[in-house]
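Here is target.cif, consisting of mmCIF, C-alpha atoms:
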data_entry
loop_
_atom_site.label_atom_id
_atom_site.label_comp_id
_atom_site.auth_asym_id
_atom_site.auth_seq_id
_atom_site.Cartn_x
_atom_site.Cartn_y
_atom_site.Cartn_z
CA MET A 1061 120.66 117.78 64.74
CA LYS A 1062 117.78 119.14 66.84
CA ILE A 1063 116.15 116.59 69.14
CA ALA A 1064 112.83 116.89 67.31
CA ASP A 1065 114.51 116.10 63.97
CA LYS A 1066 116.44 113.20 65.45
CA LEU A 1067 113.27 111.70 66.93
CA LYS A 1068 111.37 112.25 63.67
CA SER A 1069 113.98 110.18 61.86
CA PHE A 1070 112.80 107.30 64.09
CA ILE A 1071 109.09 107.91 63.43
CA GLU A 1072 107.92 106.05 60.34
CA ASP A 1073 105.16 107.38 58.08
CA PHE A 1074 102.44 105.03 56.88
CA PRO A 1075 100.14 106.81 54.38
CA ASP A 1076 96.47 105.72 54.30
CA PHE A 1077 96.57 103.95 57.68
CA PRO A 1078 94.27 103.22 59.44
CA GLN A 1079 92.17 104.76 56.67
CA LYS A 1080 92.60 106.55 53.36
CA GLY A 1081 93.88 110.11 53.65
CA ILE A 1082 95.49 109.68 57.07
CA ILE A 1083 99.26 109.49 57.52
CA PHE A 1084 99.99 107.27 60.52
CA ARG A 1085 103.09 108.39 62.41
CA ASP A 1086 104.48 105.17 63.81
CA ILE A 1087 106.64 105.45 66.93
CA SER A 1088 107.69 101.77 66.87
CA PRO A 1089 111.22 102.41 65.48
CA LEU A 1090 111.77 104.97 68.24
CA LEU A 1091 110.77 102.44 70.91
CA GLU A 1092 112.90 99.72 69.36
CA ASN A 1093 116.12 101.73 69.69
CA GLN A 1094 116.95 101.99 73.40
CA ASP A 1095 119.15 105.06 72.98
CA VAL A 1096 116.47 106.93 71.03
CA PHE A 1097 113.82 105.87 73.55
CA ALA A 1098 116.05 107.23 76.35
CA THR A 1099 116.51 110.49 74.40
CA THR A 1100 112.73 110.70 73.96
CA MET A 1101 112.13 110.15 77.66
CA ASN A 1102 114.68 112.80 78.58
CA ALA A 1103 113.10 115.26 76.15
CA LEU A 1104 109.62 114.63 77.57
CA CYS A 1105 110.81 115.03 81.17
CA ASP A 1106 112.84 118.11 80.31
CA LYS A 1107 109.81 119.71 78.66
CA VAL A 1108 107.91 119.74 81.97
CA LYS A 1109 110.79 120.44 84.35
CA ASP A 1110 109.35 123.84 85.32
CA LYS A 1111 105.81 122.52 85.89
CA LYS A 1112 104.62 121.62 89.36
CA PHE A 1113 102.58 118.41 89.32
CA ASN A 1114 102.21 115.34 91.53
CA LYS A 1115 100.23 113.09 89.20
CA ILE A 1116 100.47 111.93 85.58
CA ILE A 1117 97.45 110.71 83.66
CA GLY A 1118 98.29 108.42 80.75
CA ILE A 1119 95.80 107.88 77.94
CA ASP A 1120 94.98 104.36 76.67
CA ALA A 1121 96.96 102.76 75.05
CA ARG A 1122 100.11 104.34 73.55
CA GLY A 1123 99.96 107.15 76.09
CA PHE A 1124 100.73 104.51 78.74
CA ILE A 1125 104.15 103.92 77.16
CA PHE A 1126 105.44 107.40 77.89
CA ALA A 1127 103.29 108.28 80.90
CA SER A 1128 104.32 105.17 82.82
CA ALA A 1129 108.06 105.55 82.24
CA MET A 1130 107.80 109.28 83.07
CA ALA A 1131 105.91 108.59 86.30
CA TYR A 1132 108.57 106.07 87.27
CA LYS A 1133 111.49 108.33 86.36
CA LEU A 1134 110.03 111.49 87.95
CA LYS A 1135 108.53 109.67 90.97
CA LYS A 1136 104.99 110.85 90.31
CA SER A 1137 101.64 109.22 90.95
CA PHE A 1138 100.33 107.47 87.80
CA VAL A 1139 96.67 107.21 86.84
CA ILE A 1140 95.30 105.53 83.73
CA CYS A 1141 92.56 106.91 81.51
CA ARG A 1142 90.87 104.06 79.65
CA LYS A 1143 88.37 103.16 76.98
CA PRO A 1144 84.87 101.87 77.82
CA GLY A 1145 84.59 98.57 79.72
CA LYS A 1146 88.20 98.49 80.85
CA LEU A 1147 88.13 100.08 84.31
CA PRO A 1148 86.20 98.72 87.32
CA GLY A 1149 84.61 100.74 90.12
CA LYS A 1150 83.05 104.21 90.15
CA LEU A 1151 84.15 106.12 87.08
CA ILE A 1152 84.02 109.61 85.70
CA THR A 1153 83.32 109.20 82.00
CA GLN A 1154 83.42 111.68 79.14
CA ASN A 1155 81.93 111.05 75.71
CA TYR A 1156 83.58 112.56 72.65
CA ASN A 1157 83.80 112.27 68.88
CA TYR A 1158 86.66 110.29 67.42
CA GLU A 1159 87.27 109.58 63.75
CA TYR A 1160 83.64 110.08 62.63
CA SER A 1161 82.13 108.08 65.49
CA SER A 1162 81.44 108.56 69.18
CA THR A 1163 83.45 107.00 71.97
CA ALA A 1164 84.28 107.65 75.62
CA ILE A 1165 87.10 107.50 78.12
CA SER A 1166 87.00 107.10 81.88
CA ILE A 1167 89.06 107.62 85.00
CA GLN A 1168 88.31 106.03 88.38
CA GLN A 1169 86.68 108.65 90.57
CA ASP A 1170 88.79 107.93 93.67
CA LYS A 1171 92.05 108.41 91.75
CA LEU A 1172 91.44 112.17 91.46
CA LYS A 1173 91.82 114.37 94.54
CA LYS A 1174 91.01 118.03 94.92
CA GLU A 1175 94.65 118.90 95.71
CA ASP A 1176 96.09 117.00 92.70
CA LYS A 1177 98.09 118.94 90.13
CA ILE A 1178 97.94 116.87 86.97
CA LEU A 1179 99.97 116.42 83.81
CA ILE A 1180 98.12 114.57 81.03
CA VAL A 1181 100.37 112.58 78.66
CA ASP A 1182 99.60 111.05 75.26
CA ASP A 1183 101.69 110.10 72.27
CA VAL A 1184 99.96 112.21 69.60
CA LEU A 1185 98.02 115.48 69.57
CA ALA A 1186 95.75 115.24 66.53
CA SER A 1187 92.26 116.82 66.68
CA GLY A 1188 92.57 117.25 70.45
CA ASN A 1189 89.29 115.45 71.14
CA THR A 1190 90.76 112.67 73.28
CA ALA A 1191 92.99 115.02 75.27
CA LEU A 1192 90.05 117.37 75.84
CA ALA A 1193 87.94 114.51 77.19
CA ALA A 1194 90.74 113.52 79.61
CA TYR A 1195 91.17 117.17 80.60
CA LYS A 1196 87.45 117.56 81.32
CA ILE A 1197 87.40 114.47 83.55
CA ALA A 1198 90.50 115.48 85.50
CA GLN A 1199 89.48 119.10 85.82
CA ARG A 1200 86.14 118.10 87.34
CA LYS A 1201 87.88 117.04 90.56
CA ALA A 1202 91.46 118.32 90.38
CA LYS A 1203 93.64 120.83 88.52
CA VAL A 1204 95.32 120.13 85.17
CA VAL A 1205 98.62 122.02 84.87
CA GLY A 1206 99.60 120.78 81.43
CA LEU A 1207 99.12 118.49 78.45
CA LEU A 1208 102.21 116.79 77.01
CA PHE A 1209 102.48 115.00 73.67
CA LEU A 1210 105.39 113.41 71.90
CA ILE A 1211 103.97 114.31 68.46
CA GLU A 1212 101.82 117.27 67.40
CA LEU A 1213 100.04 117.13 64.03
CA SER A 1214 99.81 120.88 63.51
CA ASN A 1215 97.56 120.73 60.43
CA LEU A 1216 94.74 119.27 62.54
CA SER A 1217 94.68 122.37 64.79
CA GLY A 1218 94.40 120.38 68.03
CA ARG A 1219 96.31 123.07 69.91
CA LYS A 1220 93.91 125.81 68.80
CA TYR A 1221 90.94 123.66 69.75
CA LEU A 1222 92.37 122.84 73.20
CA LEU A 1223 93.20 126.50 73.87
CA GLN A 1224 89.63 127.43 72.98
CA GLU A 1225 87.96 124.68 75.01
CA THR A 1226 90.14 124.67 78.15
CA GLY A 1227 91.44 127.40 80.43
CA LEU A 1228 95.02 126.44 79.53
CA LYS A 1229 97.64 128.78 78.12
CA ASP A 1230 99.77 128.02 75.07
CA SER A 1231 102.74 127.26 77.36
CA GLN A 1232 100.70 124.51 79.04
CA ILE A 1233 100.22 122.52 75.82
CA LEU A 1234 103.57 120.91 75.09
CA SER A 1235 104.94 118.71 72.34
CA ILE A 1236 108.35 117.47 71.24
CA ALA A 1237 108.05 116.77 67.48
CA GLN A 1238 105.75 118.82 65.27
CA TYR A 1239 104.45 117.89 61.80
CA MET B 1090 106.10 91.96 104.87
CA LYS B 1091 107.04 90.05 101.71
CA ILE B 1092 107.06 92.13 98.53
CA ALA B 1093 104.25 90.06 96.98
CA ASP B 1094 102.05 90.68 100.04
CA LYS B 1095 102.86 94.37 100.07
CA LEU B 1096 102.00 94.71 96.38
CA LYS B 1097 98.80 92.70 96.84
CA SER B 1098 97.66 95.20 99.45
CA PHE B 1099 97.70 97.75 96.59
CA ILE B 1100 95.78 95.52 94.16
CA GLU B 1101 92.03 95.97 94.57
CA ASP B 1102 89.58 93.14 93.94
CA PHE B 1103 86.42 93.79 91.93
CA PRO B 1104 84.17 90.70 91.92
CA ASP B 1105 82.02 90.12 88.83
CA PHE B 1106 84.02 92.48 86.59
CA PRO B 1107 84.08 92.58 83.59
CA GLN B 1108 81.57 89.71 83.84
CA LYS B 1109 79.89 87.55 86.47
CA GLY B 1110 82.18 85.02 88.13
CA ILE B 1111 85.42 86.86 87.39
CA ILE B 1112 87.37 88.69 90.08
CA PHE B 1113 89.16 91.64 88.46
CA ARG B 1114 92.51 92.36 90.11
CA ASP B 1115 92.90 96.11 89.69
CA ILE B 1116 96.45 97.46 89.69
CA SER B 1117 95.35 101.12 89.72
CA PRO B 1118 96.09 101.71 93.45
CA LEU B 1119 99.59 100.31 92.90
CA LEU B 1120 100.20 102.73 90.02
CA GLU B 1121 98.79 105.67 91.96
CA ASN B 1122 101.31 105.31 94.79
CA GLN B 1123 104.74 106.27 93.41
CA ASP B 1124 106.65 104.38 96.11
CA VAL B 1125 104.70 101.19 95.50
CA PHE B 1126 105.07 101.59 91.74
CA ALA B 1127 108.85 101.94 92.23
CA THR B 1128 108.86 98.82 94.45
CA THR B 1129 106.93 96.96 91.74
CA MET B 1130 109.37 98.05 89.04
CA ASN B 1131 112.33 96.99 91.17
CA ALA B 1132 110.71 93.60 91.84
CA LEU B 1133 110.04 93.03 88.12
CA CYS B 1134 113.59 93.99 87.13
CA ASP B 1135 115.09 91.94 89.94
CA LYS B 1136 113.10 88.90 88.82
CA VAL B 1137 114.88 88.83 85.44
CA LYS B 1138 118.34 89.96 86.55
CA ASP B 1139 119.87 86.58 85.64
CA LYS B 1140 118.21 86.43 82.20
CA LYS B 1141 120.05 87.53 79.09
CA PHE B 1142 117.78 89.48 76.76
CA ASN B 1143 118.09 92.53 74.53
CA LYS B 1144 114.43 93.16 73.76
CA ILE B 1145 111.19 93.45 75.72
CA ILE B 1146 107.81 92.82 74.14
CA GLY B 1147 104.92 94.52 75.93
CA ILE B 1148 101.36 93.33 75.41
CA ASP B 1149 98.53 95.80 74.67
CA ALA B 1150 97.45 97.67 76.81
CA ARG B 1151 98.33 97.23 80.51
CA GLY B 1152 101.45 95.28 79.59
CA PHE B 1153 102.79 98.53 78.10
CA ILE B 1154 102.82 100.11 81.57
CA PHE B 1155 105.43 97.74 82.97
CA ALA B 1156 107.22 96.75 79.76
CA SER B 1157 107.90 100.36 78.79
CA ALA B 1158 109.27 101.44 82.17
CA MET B 1159 111.37 98.25 82.35
CA ALA B 1160 112.81 98.81 78.87
CA TYR B 1161 113.70 102.35 79.85
CA LYS B 1162 115.22 101.36 83.19
CA LEU B 1163 117.14 98.35 81.87
CA LYS B 1164 118.11 100.02 78.54
CA LYS B 1165 116.49 97.35 76.39
CA SER B 1166 114.84 97.53 73.00
CA PHE B 1167 111.03 97.82 73.34
CA VAL B 1168 108.53 96.31 70.92
CA ILE B 1169 104.76 96.50 71.21
CA CYS B 1170 102.34 93.65 70.61
CA ARG B 1171 98.94 95.03 69.66
CA LYS B 1172 95.32 94.18 69.01
CA PRO B 1173 93.90 94.06 65.46
CA GLY B 1174 93.91 97.26 63.41
CA LYS B 1175 96.38 99.11 65.59
CA LEU B 1176 99.77 98.47 63.96
CA PRO B 1177 100.73 99.55 60.42
CA GLY B 1178 103.09 97.74 58.04
CA LYS B 1179 103.82 94.07 57.57
CA LEU B 1180 102.70 92.13 60.62
CA ILE B 1181 102.99 88.69 62.10
CA THR B 1182 99.56 87.91 63.54
CA GLN B 1183 98.37 85.12 65.79
CA ASN B 1184 94.72 84.27 66.40
CA TYR B 1185 93.65 82.93 69.79
CA ASN B 1186 90.64 82.42 72.03
CA TYR B 1187 89.91 85.01 74.67
CA GLU B 1188 86.99 85.03 77.09
CA TYR B 1189 84.72 82.83 74.94
CA SER B 1190 85.46 84.64 71.68
CA SER B 1191 88.27 84.77 69.15
CA THR B 1192 90.75 87.61 68.80
CA ALA B 1193 94.28 88.21 67.54
CA ILE B 1194 97.46 90.09 68.32
CA SER B 1195 100.24 91.26 66.03
CA ILE B 1196 103.85 92.37 66.03
CA GLN B 1197 105.53 94.23 63.17
CA GLN B 1198 107.63 91.76 61.23
CA ASP B 1199 110.74 93.97 60.98
CA LYS B 1200 110.86 94.45 64.77
CA LEU B 1201 111.91 90.83 65.30
CA LYS B 1202 115.44 89.76 64.35
CA LYS B 1203 116.93 86.28 64.34
CA GLU B 1204 119.53 87.23 66.98
CA ASP B 1205 116.98 88.80 69.39
CA LYS B 1206 116.64 87.33 72.87
CA ILE B 1207 113.21 88.36 74.06
CA LEU B 1208 111.43 88.89 77.36
CA ILE B 1209 107.63 89.10 77.05
CA VAL B 1210 105.92 91.25 79.71
CA ASP B 1211 102.26 91.50 80.66
CA ASP B 1212 100.40 92.53 83.80
CA VAL B 1213 98.40 89.34 84.42
CA LEU B 1214 98.86 85.65 83.64
CA ALA B 1215 95.33 84.23 83.50
CA SER B 1216 94.57 81.42 81.01
CA GLY B 1217 97.86 82.04 79.23
CA ASN B 1218 96.22 82.40 75.82
CA THR B 1219 97.41 85.95 75.14
CA ALA B 1220 100.97 85.26 76.32
CA LEU B 1221 101.08 82.10 74.21
CA ALA B 1222 100.02 84.05 71.12
CA ALA B 1223 102.78 86.63 71.74
CA TYR B 1224 105.27 83.82 72.36
CA LYS B 1225 104.34 82.09 69.09
CA ILE B 1226 104.81 85.31 67.10
CA ALA B 1227 108.17 86.17 68.68
CA GLN B 1228 109.47 82.62 68.51
CA ARG B 1229 108.76 82.46 64.77
CA LYS B 1230 111.65 84.86 64.09
CA ALA B 1231 113.64 85.16 67.33
CA LYS B 1232 114.16 83.45 70.69
CA VAL B 1233 111.98 83.99 73.75
CA VAL B 1234 113.99 83.64 76.96
CA GLY B 1235 111.19 84.33 79.41
CA LEU B 1236 107.66 85.48 80.18
CA LEU B 1237 107.18 87.92 83.06
CA PHE B 1238 103.91 88.86 84.75
CA LEU B 1239 103.13 91.07 87.70
CA ILE B 1240 100.16 88.89 88.73
CA GLU B 1241 99.58 85.17 88.29
CA LEU B 1242 96.06 83.79 88.75
CA SER B 1243 97.10 80.26 89.71
CA ASN B 1244 93.59 78.76 89.64
CA LEU B 1245 93.40 79.36 85.87
CA SER B 1246 96.44 77.11 85.27
CA GLY B 1247 98.08 79.47 82.77
CA ARG B 1248 101.52 78.33 83.84
CA LYS B 1249 100.71 74.68 83.19
CA TYR B 1250 99.25 75.55 79.79
CA LEU B 1251 102.29 77.64 78.80
CA LEU B 1252 104.73 74.92 79.91
CA GLN B 1253 102.80 72.42 77.80
CA GLU B 1254 102.52 74.62 74.69
CA THR B 1255 105.99 76.25 74.66
CA GLY B 1256 109.51 74.91 75.02
CA LEU B 1257 109.99 77.04 78.14
CA LYS B 1258 111.01 75.75 81.55
CA ASP B 1259 109.21 76.60 84.78
CA SER B 1260 112.04 79.02 85.67
CA GLN B 1261 111.32 80.99 82.48
CA ILE B 1262 107.73 81.80 83.47
CA LEU B 1263 107.98 84.43 86.16
CA SER B 1264 105.48 86.32 88.30
CA ILE B 1265 105.62 88.57 91.34
CA ALA B 1266 102.23 88.21 93.06
CA GLN B 1267 100.29 84.94 92.95
CA TYR B 1268 96.58 84.46 93.67
#
Encoded form (structure tokens):
Amino acid sequence: MKIADKLKSFIEDFPDFPQKGIIFRDISPLLENQDVFATTMNALCDKVKDKKFNKIIGIDARGFIFASAMAYKLKKSFVICRKPGKLPGKLITQNYNYEYSSTAISIQQDKLKKEDKILIVDDVLASGNTALAAYKIAQRKAKVVGLLFLIELSNLSGRKYLLQETGLKDSQILSIAQY
Amino acid sequence: MKIADKLKSFIEDFPDFPQKGIIFRDISPLLENQDVFATTMNALCDKVKDKKFNKIIGIDARGFIFASAMAYKLKKSFVICRKPGKLPGKLITQNYNYEYSSTAISIQQDKLKKEDKILIVDDVLASGNTALAAYKIAQRKAKVVGLLFLIELSNLSGRKYLLQETGLKDSQILSIAQY
């Protein structure tokens, strides 16, 4: 079985969650099984083995799960990108639209250096709005070399949107399991 | 230098955040430095090396950072404990008081088995209210063998409260850096 298919068999579908018309792809069964979690981590790390980066940005909150373990495994610097009111100090903040309303995410200004080469990690690529906001913040001070997702919801065209809105190439937007 | 002191030198204090009178202990510098993050992970894993557990519960959102990397490193099952509206399916939910208001956390019912021996992981032990809520949920179906925190804010007496409200012994409530 291909890795993507194996991992998908540990991702549970919940139709109409959190709202009608959305299928929630739940990664909880994948986290619960330590062998499958290890396979997932290996697949994520393998996907970026040719990329040169020194820092991983993880997106609040499920992005932390994979970004943190990757940073630990690959010995990279780890920076968190959080929702409003969660980070202290001087922040760079980006507003964006999310599920019919407006929200924002922030990164601490001093955690981004001009020489940083950054990989942004989140669990799901849906519309691409959240990843784009993180990209815009990081790119303001450093260089983003790639975006990595465990799951890509292809019907929402997040990849197309990110390619259009960033300077990234197709090979810099990576995912393991596509729907 | 003791490990706790070394880690503390990478935890930044922000007085009056998120509100007046609170000192926010920010772990971001510790995450940013890969060597210090590795030291932290080793200290956390070392702290529970004599405990027998098969599952780690990480608490939303910063708890995910350490719980996830620990589960990966120690090859344990990983289960997430989340805020309202975030988890699909049948949940066990516990209400509790948090910073002068009421909130709740949940775990998916089918992620807890009778035979599970559980370690609960969060970044900070403050009042103990959040950890107690997670403990109550897990203990309803399985057995909690320990609570592990990176930081313990001793002046808030969370340890005393948890000892009083759970059946745990002092040696089952663990922390690396005390303030």
- Query: Which one of A:Lys1136, A:Leu1213, A:Ala1164, A:Gly1145 sits closest to A:Ile1117 if you count all atoms listed in the file?
  - Reply: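 Closest candidate: A:Lys1136.
Relative to atom CA of A:Thr1190, atom CA of A:Lys1066 is found at 26.9 Å.
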Quick one: chain B onto chain A, least squares on all Cα paired in order, result as a short mmCIF file (atom, residue, chain, number, x, y, z; two decimals) with C-alpha atoms, in the frame of the given file?
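Result file selection-v1.cif:
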data_model
loop_
_atom_site.label_atom_id
_atom_site.label_comp_id
_atom_site.auth_asym_id
_atom_site.auth_seq_id
_atom_site.Cartn_x
_atom_site.Cartn_y
_atom_site.Cartn_z
CA MET B 1090 120.69 117.77 64.75
CA LYS B 1091 117.81 119.12 66.84
CA ILE B 1092 116.16 116.57 69.13
CA ALA B 1093 112.82 116.87 67.30
CA ASP B 1094 114.53 116.11 63.97
CA LYS B 1095 116.45 113.21 65.44
CA LEU B 1096 113.28 111.71 66.92
CA LYS B 1097 111.38 112.25 63.66
CA SER B 1098 113.98 110.17 61.85
CA PHE B 1099 112.79 107.29 64.08
CA ILE B 1100 109.08 107.90 63.43
CA GLU B 1101 107.92 106.04 60.32
CA ASP B 1102 105.16 107.37 58.09
CA PHE B 1103 102.42 105.03 56.87
CA PRO B 1104 100.13 106.81 54.39
CA ASP B 1105 96.48 105.73 54.30
CA PHE B 1106 96.58 103.97 57.69
CA PRO B 1107 94.27 103.22 59.45
CA GLN B 1108 92.15 104.76 56.67
CA LYS B 1109 92.59 106.57 53.35
CA GLY B 1110 93.88 110.12 53.66
CA ILE B 1111 95.50 109.68 57.06
CA ILE B 1112 99.26 109.49 57.51
CA PHE B 1113 100.00 107.27 60.51
CA ARG B 1114 103.10 108.40 62.40
CA ASP B 1115 104.50 105.17 63.80
CA ILE B 1116 106.64 105.46 66.93
CA SER B 1117 107.70 101.78 66.87
CA PRO B 1118 111.23 102.42 65.48
CA LEU B 1119 111.77 104.98 68.25
CA LEU B 1120 110.77 102.45 70.91
CA GLU B 1121 112.90 99.72 69.37
CA ASN B 1122 116.11 101.73 69.69
CA GLN B 1123 116.95 101.99 73.40
CA ASP B 1124 119.15 105.06 72.96
CA VAL B 1125 116.48 106.92 71.03
CA PHE B 1126 113.83 105.87 73.54
CA ALA B 1127 116.04 107.24 76.34
CA THR B 1128 116.51 110.50 74.39
CA THR B 1129 112.73 110.72 73.96
CA MET B 1130 112.13 110.16 77.67
CA ASN B 1131 114.70 112.81 78.57
CA ALA B 1132 113.10 115.27 76.14
CA LEU B 1133 109.61 114.65 77.58
CA CYS B 1134 110.81 115.05 81.17
CA ASP B 1135 112.85 118.12 80.31
CA LYS B 1136 109.81 119.71 78.67
CA VAL B 1137 107.90 119.74 81.97
CA LYS B 1138 110.79 120.44 84.35
CA ASP B 1139 109.35 123.85 85.30
CA LYS B 1140 105.82 122.50 85.90
CA LYS B 1141 104.63 121.59 89.36
CA PHE B 1142 102.58 118.40 89.33
CA ASN B 1143 102.22 115.33 91.53
CA LYS B 1144 100.24 113.08 89.20
CA ILE B 1145 100.47 111.93 85.59
CA ILE B 1146 97.45 110.72 83.66
CA GLY B 1147 98.28 108.43 80.75
CA ILE B 1148 95.79 107.88 77.95
CA ASP B 1149 94.97 104.36 76.68
CA ALA B 1150 96.96 102.75 75.04
CA ARG B 1151 100.11 104.35 73.55
CA GLY B 1152 99.96 107.15 76.10
CA PHE B 1153 100.72 104.51 78.75
CA ILE B 1154 104.14 103.92 77.17
CA PHE B 1155 105.43 107.41 77.91
CA ALA B 1156 103.27 108.29 80.91
CA SER B 1157 104.31 105.18 82.82
CA ALA B 1158 108.05 105.56 82.25
CA MET B 1159 107.80 109.29 83.08
CA ALA B 1160 105.91 108.60 86.32
CA TYR B 1161 108.56 106.08 87.28
CA LYS B 1162 111.47 108.34 86.37
CA LEU B 1163 110.03 111.49 87.95
CA LYS B 1164 108.52 109.66 90.98
CA LYS B 1165 104.98 110.85 90.31
CA SER B 1166 101.63 109.23 90.95
CA PHE B 1167 100.32 107.47 87.81
CA VAL B 1168 96.66 107.21 86.85
CA ILE B 1169 95.29 105.54 83.74
CA CYS B 1170 92.55 106.91 81.51
CA ARG B 1171 90.86 104.06 79.66
CA LYS B 1172 88.38 103.16 76.97
CA PRO B 1173 84.88 101.87 77.82
CA GLY B 1174 84.59 98.59 79.72
CA LYS B 1175 88.19 98.48 80.86
CA LEU B 1176 88.14 100.08 84.33
CA PRO B 1177 86.21 98.72 87.33
CA GLY B 1178 84.62 100.75 90.14
CA LYS B 1179 83.05 104.18 90.15
CA LEU B 1180 84.16 106.12 87.09
CA ILE B 1181 84.04 109.61 85.70
CA THR B 1182 83.32 109.20 81.99
CA GLN B 1183 83.42 111.67 79.14
CA ASN B 1184 81.92 111.04 75.71
CA TYR B 1185 83.58 112.55 72.64
CA ASN B 1186 83.80 112.26 68.87
CA TYR B 1187 86.64 110.28 67.39
CA GLU B 1188 87.27 109.60 63.71
CA TYR B 1189 83.64 110.10 62.62
CA SER B 1190 82.14 108.07 65.47
CA SER B 1191 81.44 108.55 69.15
CA THR B 1192 83.44 107.00 71.96
CA ALA B 1193 84.27 107.65 75.61
CA ILE B 1194 87.08 107.49 78.12
CA SER B 1195 86.99 107.10 81.89
CA ILE B 1196 89.06 107.62 85.00
CA GLN B 1197 88.32 106.03 88.37
CA GLN B 1198 86.69 108.63 90.57
CA ASP B 1199 88.79 107.92 93.68
CA LYS B 1200 92.05 108.41 91.75
CA LEU B 1201 91.44 112.16 91.45
CA LYS B 1202 91.81 114.35 94.55
CA LYS B 1203 91.02 118.03 94.94
CA GLU B 1204 94.67 118.88 95.73
CA ASP B 1205 96.10 116.99 92.70
CA LYS B 1206 98.09 118.93 90.13
CA ILE B 1207 97.94 116.87 86.97
CA LEU B 1208 99.98 116.42 83.82
CA ILE B 1209 98.13 114.58 81.03
CA VAL B 1210 100.37 112.58 78.66
CA ASP B 1211 99.59 111.06 75.28
CA ASP B 1212 101.68 110.10 72.26
CA VAL B 1213 99.96 112.21 69.60
CA LEU B 1214 98.01 115.48 69.56
CA ALA B 1215 95.74 115.23 66.52
CA SER B 1216 92.26 116.82 66.68
CA GLY B 1217 92.57 117.23 70.44
CA ASN B 1218 89.28 115.46 71.15
CA THR B 1219 90.75 112.67 73.28
CA ALA B 1220 92.99 115.03 75.28
CA LEU B 1221 90.05 117.38 75.84
CA ALA B 1222 87.94 114.51 77.19
CA ALA B 1223 90.73 113.53 79.62
CA TYR B 1224 91.16 117.18 80.60
CA LYS B 1225 87.44 117.57 81.32
CA ILE B 1226 87.41 114.48 83.55
CA ALA B 1227 90.51 115.48 85.52
CA GLN B 1228 89.48 119.11 85.83
CA ARG B 1229 86.13 118.10 87.35
CA LYS B 1230 87.88 117.03 90.57
CA ALA B 1231 91.46 118.33 90.39
CA LYS B 1232 93.65 120.82 88.51
CA VAL B 1233 95.33 120.14 85.18
CA VAL B 1234 98.62 122.01 84.88
CA GLY B 1235 99.60 120.80 81.43
CA LEU B 1236 99.12 118.50 78.46
CA LEU B 1237 102.20 116.80 77.00
CA PHE B 1238 102.48 115.00 73.67
CA LEU B 1239 105.39 113.40 71.89
CA ILE B 1240 103.97 114.32 68.46
CA GLU B 1241 101.82 117.26 67.40
CA LEU B 1242 100.04 117.12 64.03
CA SER B 1243 99.80 120.88 63.51
CA ASN B 1244 97.56 120.72 60.42
CA LEU B 1245 94.73 119.25 62.54
CA SER B 1246 94.68 122.36 64.78
CA GLY B 1247 94.41 120.40 68.03
CA ARG B 1248 96.31 123.07 69.89
CA LYS B 1249 93.92 125.80 68.78
CA TYR B 1250 90.93 123.65 69.74
CA LEU B 1251 92.37 122.85 73.19
CA LEU B 1252 93.21 126.51 73.88
CA GLN B 1253 89.64 127.43 72.97
CA GLU B 1254 87.96 124.67 75.01
CA THR B 1255 90.16 124.67 78.15
CA GLY B 1256 91.46 127.39 80.43
CA LEU B 1257 95.03 126.43 79.53
CA LYS B 1258 97.65 128.77 78.12
CA ASP B 1259 99.77 128.01 75.06
CA SER B 1260 102.74 127.26 77.35
CA GLN B 1261 100.71 124.49 79.04
CA ILE B 1262 100.23 122.51 75.81
CA LEU B 1263 103.57 120.92 75.09
CA SER B 1264 104.93 118.70 72.33
CA ILE B 1265 108.34 117.47 71.24
CA ALA B 1266 108.05 116.77 67.50
CA GLN B 1267 105.74 118.82 65.27
CA TYR B 1268 104.45 117.86 61.82
#
- Message: When the PyMOL selection byres ((chain A) within 6 of (chain B)) is applied to the structure above, which residues does it catch, written out as a ChimeraX atom specification?
- Response: /A:1091-1094,1121,1124-1125,1128-1129,1135-1139
- Query: Between A:Leu1234, A:Ala1064, A:Ile1165, A:Leu1208, which is the closest to A:Ala1193 once you count all atoms listed in the file?
  - Reply: A:Ile1165
- How many Å lie between atom CA of A:Ile1180 and atom CA of A:Ala1198, rounded to one decimal?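 Separation of atom CA of A:Ile1180 and atom CA of A:Ala1198: 8.9 Å.
Using only C-alpha atoms, the contacts of A:Ala1202 at a cut-off of 6 Å, with sequence neighbours closer than 4 positions omitted, comprise Lys1173, Lys1174, Asp1176 and Ala1198 of chain A.
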Take the residues from that selection and write them out as a tab-separated table (two decimals), in the frame of the given file, keeping C-alpha atoms.
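Saved as result19.tsv:
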chain	number	residue	atom	x	y	z
A	1173	LYS	CA	91.82	114.37	94.54
A	1174	LYS	CA	91.01	118.03	94.92
A	1176	ASP	CA	96.09	117.00	92.70
A	1198	ALA	CA	90.50	115.48	85.50
- Message: the PyMOL selection byres ((chain A and resi 1154) around 9) - which residues does that actually catch in the file I just gave you? List them as number ranges by chain.
- Response: A: 1152-1153, 1155-1156, 1163-1166, 1193-1194, 1196-1197
